[in-house]
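Engineer: Here it is, the structure in full.
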Amino acid sequence: MAEPRRKPNLVKTKVPMPAQDPQVRIKNFDEVALGYTPEQAVEEARRCLRCKEPRCVQGCPVNVKIPEFIMLIEEGKFLEAYYKILETNNLPAICGRVCPQENQCEKHCLRGEKGEPVAIGRLERFAADYAASCGEPRHEPTNPAPPKGKVAVVGSGPAGLTCAADLAKMGYQVTVFEAFHTPGGVLVYGIPEFRLPKRVVQREIDNLKKLGVEIQTNMVIGKILSVDELFSEGYDAIFIGTGAGLPQFLRIPGENLNGVFSANEFLTRINLMRAYRFPEYDTPIKIGRRVAVIGGGNVAMDAARCALRLGAAKVYIVYRRSEEEMPARREEIHHAREEGVEFKLLTNPVRILGDDNGWVKGLECVTMELGEPDASGRRRPVPKPGSEHCLEVETVIIAIGTTPNPLIANTTPGLELTKFGGIVVDEATGQTSRPGIFAGGDSVTGAATVILAMGAGKRAAKAIDAYLAARR
Amino acid sequence: MRFLLEDLPAALKGNPPNVGGIFTTLYGGGIVAVNRIVKKKVLAPAVKLIEVENHLIAKKAQPGQFVILRVHEKGERIPLTISDYDREKGTVTIIFQEVGKTTTLLGRLEEGDRILDLVGPLGKPTHLEGLQRVVVVGGGLGTALVFSQVKELHRRGTKVDCIIGARNKDLIILEEEIKPYCANLYIATDDGSKGHKGFVTDVLKRLLDEGNRYDRAIAVGPLIMMKVVSNLTRQYGLPTVVSMNPIMVDGTGMCGCCRLTVGGQTKFACVDGPEFDGHLVDFDEVIKRTAMYREEEKTAMELLQRSLKEGV
């Protein structure tokens, strides 16, 4: 592209993201990161070097046309930039907010070698939010032909939504089945409002409906209808994107005391049921003055930051390894710390202590040391003898991970599973051990990221199209 | 604060039925009203029966299972046992007591109104195979919850002795409805206004002492009643099934809010239950966990009553 006079912005750091002040934001559930202004977006877009062979695109599970959309932003063609992203990504407003860009596109950015990479995620979010502010003029479905076939998508999280959108665009009639009363899966029950406003999710769901996708809520597949019954109702193929909804507990004494929550319960009450607005909303939540969140992932950070916003005076993250091994995104750890969350690292809970009425009054822990690397490649923590100590807390939130919900597996004969309960699939296609049944996202991999689930949904949509085309 | 009661009629009355897609394909293209209350009956003060149209749930429901419902846009999700179902009519019957905000609002819905969200059937069905003779104990609202089981046992040729109890005779429900399915029906009231004066467990103990042999006891009612029944039947070596109704959110095993200890192991009432071996349940823990949101439940009720008084 001959553009001799273009001089990229050579500032080594990203244009800073405007954000709510930590002292203010811990008192509300509004979004923390406020988003770029058009001027800031253009300035950041100018940092892109427009590499001939862009490595960022390979780092993206859905291969967003990154240099192209960034160029359009630089030229002030914000809506066109949004359409460019939409060519491969159905949920840009969501991905721009919750993708771990530092491990994906931005990790490969040339600018990252001497300074910070281009803020690809922030620019993606900017383009999507700009489009929304213009009333989201979106390409109308251009396929008046009779549907190529009927596909059922089970689960309306990122995998299901992506698969449904791609299939609808290809000309299939798609029904999405959701167990909750609101679609969105982990995007609505798991990720808090201050990281991903629910209106953003709703916007993407509305866009999906505009594509002709039908969404049936309150439908627990495996209970009200089995996967096989969906076939007999005329669906030609089925995609299972039911996520990893089964919470893990620690199996330590005191876990059933009042005041102990799984992160799933805690976050669902807050995010889906809006318990932070009780009694305006009917679902309550209990929060102690002091709270311990056990775990070191993004979910643990979300729970800790929610606890602060509910009014807890002291919130601890209790994690048995060191910060280096923490699976949470750096940005999330940074935000949590900024808001006053205290990190108890190399600390392992052994017992939850209760009072006479069955309420939590403390968490007994031991200090850990890092030993030899374990199977995960991370150094295995081992307890330090005589290091028992007690954290005085009234609430304990367990955020040590989730495994796939067995509801579908138990009611679908012939569906092969891994030993942790994940559905066995061909990685390239999402094809399960049963013809016509495809799966992807956390129900296959166990708890992972939004964008990986979207990538799996996309691959499965392509494979479903190929499968049905071969049958036609 | 005013509640959104003003929104309630708009949200639920005269709404177009939730139709299309799966429903039209399942029912030959005909329009199927979903979650519409087709019948309502007051069984006792604050105890109401509603029959709700939902063909898919009615087709799948089995004794022992439950639904989760929500009555308005800012509402809570609560579990309620399916008391009966009619596969032909496509309806499920729910009997509930107005104890909190959601059940009070539910009780204000009339025939023709719609329940906003209804999910089910959830939980494992009761195993009723191979039983010759069973004693069923229903305390208070528990009678409504054992009704479908008694009916099903009778259909299978099992001989059922049934003991139903309540504080007084006005609170005894479903006596006439359940009678035809029982070999013997006994009644107990705390104040003696009907049947035996005292507890259902007194009657049960008498039956056991008189040498009646049963394959199983099924007890559904207040936690304390199920605990006392289980303690009694343990002494007689009589296997006992109880039905748990703890606090739930999703009802599909996702949140773990409904967990309880059964035989030293943590179980989720929503997916592992709701029925468990009464001899293994840690009732004291369940009783404590049920009290978790008592304060909030009170607040919500007080605010509701105030806004109802304001004549919304």
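Following the order of the structure tokens, first chain is A, next is B, and so on, with residues numbered from 1 inside each chain and ligands from 1 in the order they appear.
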Could you write out as an MDAnalysis selection string the residues of chain B within 6 Å of chain A, counting only C-alpha atoms?
Structural biologist: chainID B and resid 74:76 119 254:255 289
Engineer: Excluding Phe69 (chain A) and any residue of its chain fewer than 4 positions from it, enumerate the residues within 10 Å of it, using only C-alpha atoms, and give them as a list of chain:residue names.
Structural biologist: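 Skipping anything fewer than 4 positions along the chain leaves A:Ala45, A:Val64, A:Lys65, A:Ile73, A:Glu74, A:Glu75, A:Lys77, A:Phe78, A:Leu79, A:Glu80, A:Ala81, A:Tyr82, A:Tyr83, A:Lys84, A:Ile85, A:Leu86, A:Ile120, A:Leu123, A:Glu124, A:Ala127.
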Engineer: Using only C-alpha atoms, which protein or nucleic acid residues come within 8 Å of region 188-196 of chain B? Drop anything in the same chain fewer than 6 positions from it, and give the result as a ChimeraX atom specification.
Structural biologist: /B:163-169,203
Engineer: Take the selection from the previous step and output its residues with C-alpha atoms, as a PDB file, in the first residue's frame.
Structural biologist:
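The file below, part03.pdb, is the result:
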ATOM      1  CA  ILE B 163     -50.861 -39.947  57.406  1.00  0.00           C
ATOM      2  CA  ILE B 164     -51.546 -36.283  56.860  1.00  0.00           C
ATOM      3  CA  GLY B 165     -51.172 -33.611  59.459  1.00  0.00           C
ATOM      4  CA  ALA B 166     -51.426 -29.900  60.077  1.00  0.00           C
ATOM      5  CA  ARG B 167     -51.734 -27.418  62.932  1.00  0.00           C
ATOM      6  CA  ASN B 168     -55.546 -27.452  62.776  1.00  0.00           C
ATOM      7  CA  LYS B 169     -58.392 -28.813  60.660  1.00  0.00           C
ATOM      8  CA  VAL B 203     -49.724 -42.012  64.419  1.00  0.00           C
TER       9      VAL B 203
END
Engineer: Could you give me the residues within region 81-315 of chain A that DSSP places in helix (DSSP H, G or I), as an MDAnalysis selection string?
Structural biologist: chainID A and resid 81:86 92:98 101:103 105:108 110:114 120:133 158:170 186:189 198:210 227:232 263:272 275:277 298:309
Engineer: Name the residues in contact with region 381-386 of chain A at a cut-off of 10 Å, using only C-alpha atoms, excluding same-chain residues fewer than 6 positions from it; report them as a list in words.
Structural biologist: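 Surrounding residues, per the criterion: Arg320, Arg321, Ser322, Leu346, Thr347, Asn348, Cys365, Val366, Thr367, Met368, Glu369, Leu370, Gly371, Glu372, Pro373 and Asp374 of chain A.
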Engineer: Keeping only N, CA, C and O atoms, write the selected residues to a file as a short mmCIF file (atom, residue, chain, number, x, y, z; two decimals), in the first residue's frame.
Structural biologist:
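To be explicit, this is the file written out as result03.cif:
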data_model
loop_
_atom_site.label_atom_id
_atom_site.label_comp_id
_atom_site.auth_asym_id
_atom_site.auth_seq_id
_atom_site.Cartn_x
_atom_site.Cartn_y
_atom_site.Cartn_z
N ARG A 320 -2.86 -20.60 46.59
CA ARG A 320 -1.83 -21.48 47.16
C ARG A 320 -0.48 -21.41 46.47
O ARG A 320 0.51 -21.91 46.96
N ARG A 321 -0.43 -20.78 45.29
CA ARG A 321 0.86 -20.61 44.63
C ARG A 321 1.26 -19.14 44.71
O ARG A 321 0.66 -18.37 45.46
N SER A 322 2.25 -18.74 43.90
CA SER A 322 2.67 -17.34 43.94
C SER A 322 2.00 -16.58 42.80
O SER A 322 1.34 -17.17 41.95
N LEU A 346 0.65 -18.01 48.36
CA LEU A 346 1.26 -19.17 49.01
C LEU A 346 0.53 -19.52 50.30
O LEU A 346 1.12 -19.81 51.33
N THR A 347 -0.78 -19.44 50.21
CA THR A 347 -1.63 -19.69 51.37
C THR A 347 -2.71 -20.67 50.96
O THR A 347 -3.39 -20.46 49.96
N ASN A 348 -2.84 -21.75 51.72
CA ASN A 348 -3.79 -22.78 51.36
C ASN A 348 -4.81 -22.98 52.48
O ASN A 348 -4.42 -23.18 53.62
N CYS A 365 -5.73 -21.53 57.53
CA CYS A 365 -4.85 -21.70 56.37
C CYS A 365 -3.48 -22.21 56.79
O CYS A 365 -3.10 -22.10 57.95
N VAL A 366 -2.75 -22.73 55.82
CA VAL A 366 -1.33 -23.00 56.04
C VAL A 366 -0.54 -22.24 54.97
O VAL A 366 -1.04 -21.99 53.88
N THR A 367 0.69 -21.89 55.32
CA THR A 367 1.58 -21.25 54.36
C THR A 367 2.22 -22.33 53.50
O THR A 367 2.51 -23.42 53.99
N MET A 368 2.42 -22.01 52.23
CA MET A 368 2.97 -22.99 51.31
C MET A 368 4.35 -22.55 50.82
O MET A 368 4.68 -21.36 50.81
N GLU A 369 5.13 -23.53 50.38
CA GLU A 369 6.39 -23.24 49.69
C GLU A 369 6.32 -23.90 48.32
O GLU A 369 5.65 -24.92 48.18
N LEU A 370 7.02 -23.34 47.36
CA LEU A 370 6.99 -23.95 46.03
C LEU A 370 8.05 -25.03 45.91
O LEU A 370 9.23 -24.81 46.19
N GLY A 371 7.60 -26.23 45.52
CA GLY A 371 8.53 -27.34 45.36
C GLY A 371 8.85 -27.58 43.89
O GLY A 371 8.97 -26.65 43.09
N GLU A 372 8.93 -28.86 43.52
CA GLU A 372 9.25 -29.24 42.14
C GLU A 372 8.05 -28.99 41.22
O GLU A 372 6.91 -29.02 41.67
N PRO A 373 8.30 -28.76 39.93
CA PRO A 373 7.17 -28.57 39.00
C PRO A 373 6.27 -29.81 38.95
O PRO A 373 6.76 -30.94 39.04
N ASP A 374 4.95 -29.57 38.84
CA ASP A 374 4.02 -30.70 38.73
C ASP A 374 3.62 -30.90 37.28
O ASP A 374 4.24 -30.36 36.37
#
Engineer: Which of these residues is nearest to Ile352 (chain A), using only C-alpha atoms: A:Glu102, A:Glu332, A:Glu323, A:Glu394?
Structural biologist: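 The closest residue to Ile352 (chain A) is A:Glu394.
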Engineer: Between B:Glu296, B:Glu210, B:Glu175, B:Glu275, which has the minimum distance to Thr81 (chain B) (counting only C-alpha atoms)?
Structural biologist: B:Glu275
Engineer: Rank B:Val242, B:Ala61, B:Thr143, B:Val135 by their smallest atom-to-atom distance to Glu177 (chain B), using only C-alpha atoms, and report the top residue only.
Structural biologist: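 Using only C-alpha atoms, the shortest distance to Glu177 (chain B) belongs to B:Thr143.
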Engineer: Counting only C-alpha atoms, what is within 9 Å of Asp228 (chain A), bar same-chain residues fewer than 6 positions away, as a list in words?
Structural biologist: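 The filter keeps Thr411, Thr412 and Pro413 of chain A.
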Engineer: Between B:Glu152, B:Val249, B:Val241, B:Val47, single out the one closest to Arg77 (chain B), counting only C-alpha atoms.
Structural biologist: B:Val249
Engineer: Write out as a PyMOL selection string each polymer residue whose atoms come within 8 Å of Asn184 (chain B), counting only C-alpha atoms; drop sequence neighbours fewer than 2 positions from it.
Structural biologist: chain B and resi 160-162+179+182+186
Engineer: Can you write just those residues out, C-alpha atoms, as a PDB file, in the first residue's frame?
Structural biologist:
ATOM      1  CA  VAL B 160     -50.543 -47.039  50.664  1.00  0.00           C
ATOM      2  CA  ASP B 161     -51.214 -45.986  54.239  1.00  0.00           C
ATOM      3  CA  CYS B 162     -51.224 -42.233  54.419  1.00  0.00           C
ATOM      4  CA  LYS B 179     -58.416 -40.618  49.964  1.00  0.00           C
ATOM      5  CA  CYS B 182     -55.051 -44.775  50.090  1.00  0.00           C
ATOM      6  CA  TYR B 186     -55.033 -41.046  59.051  1.00  0.00           C
TER       7      TYR B 186
END
Engineer: For Ile26 (chain A), which residue among A:Lys148, A:Arg97, A:His335, A:Lys107 is the nearest when counting only C-alpha atoms?
Structural biologist: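 For Ile26 (chain A), the nearest of the candidates is A:His335.
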Engineer: Pick the closest to Glu113 (chain A) from A:Lys7, A:Lys344, A:Lys12, A:Lys462: which is it, counting only C-alpha atoms?
Structural biologist: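 The closest residue to Glu113 (chain A) is A:Lys12.
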Engineer: Have a look at CA of Gly64 (chain B) and CA of Gly264 (chain B) and let me know their distance in Å, one decimal.
Structural biologist: 23.4 Å
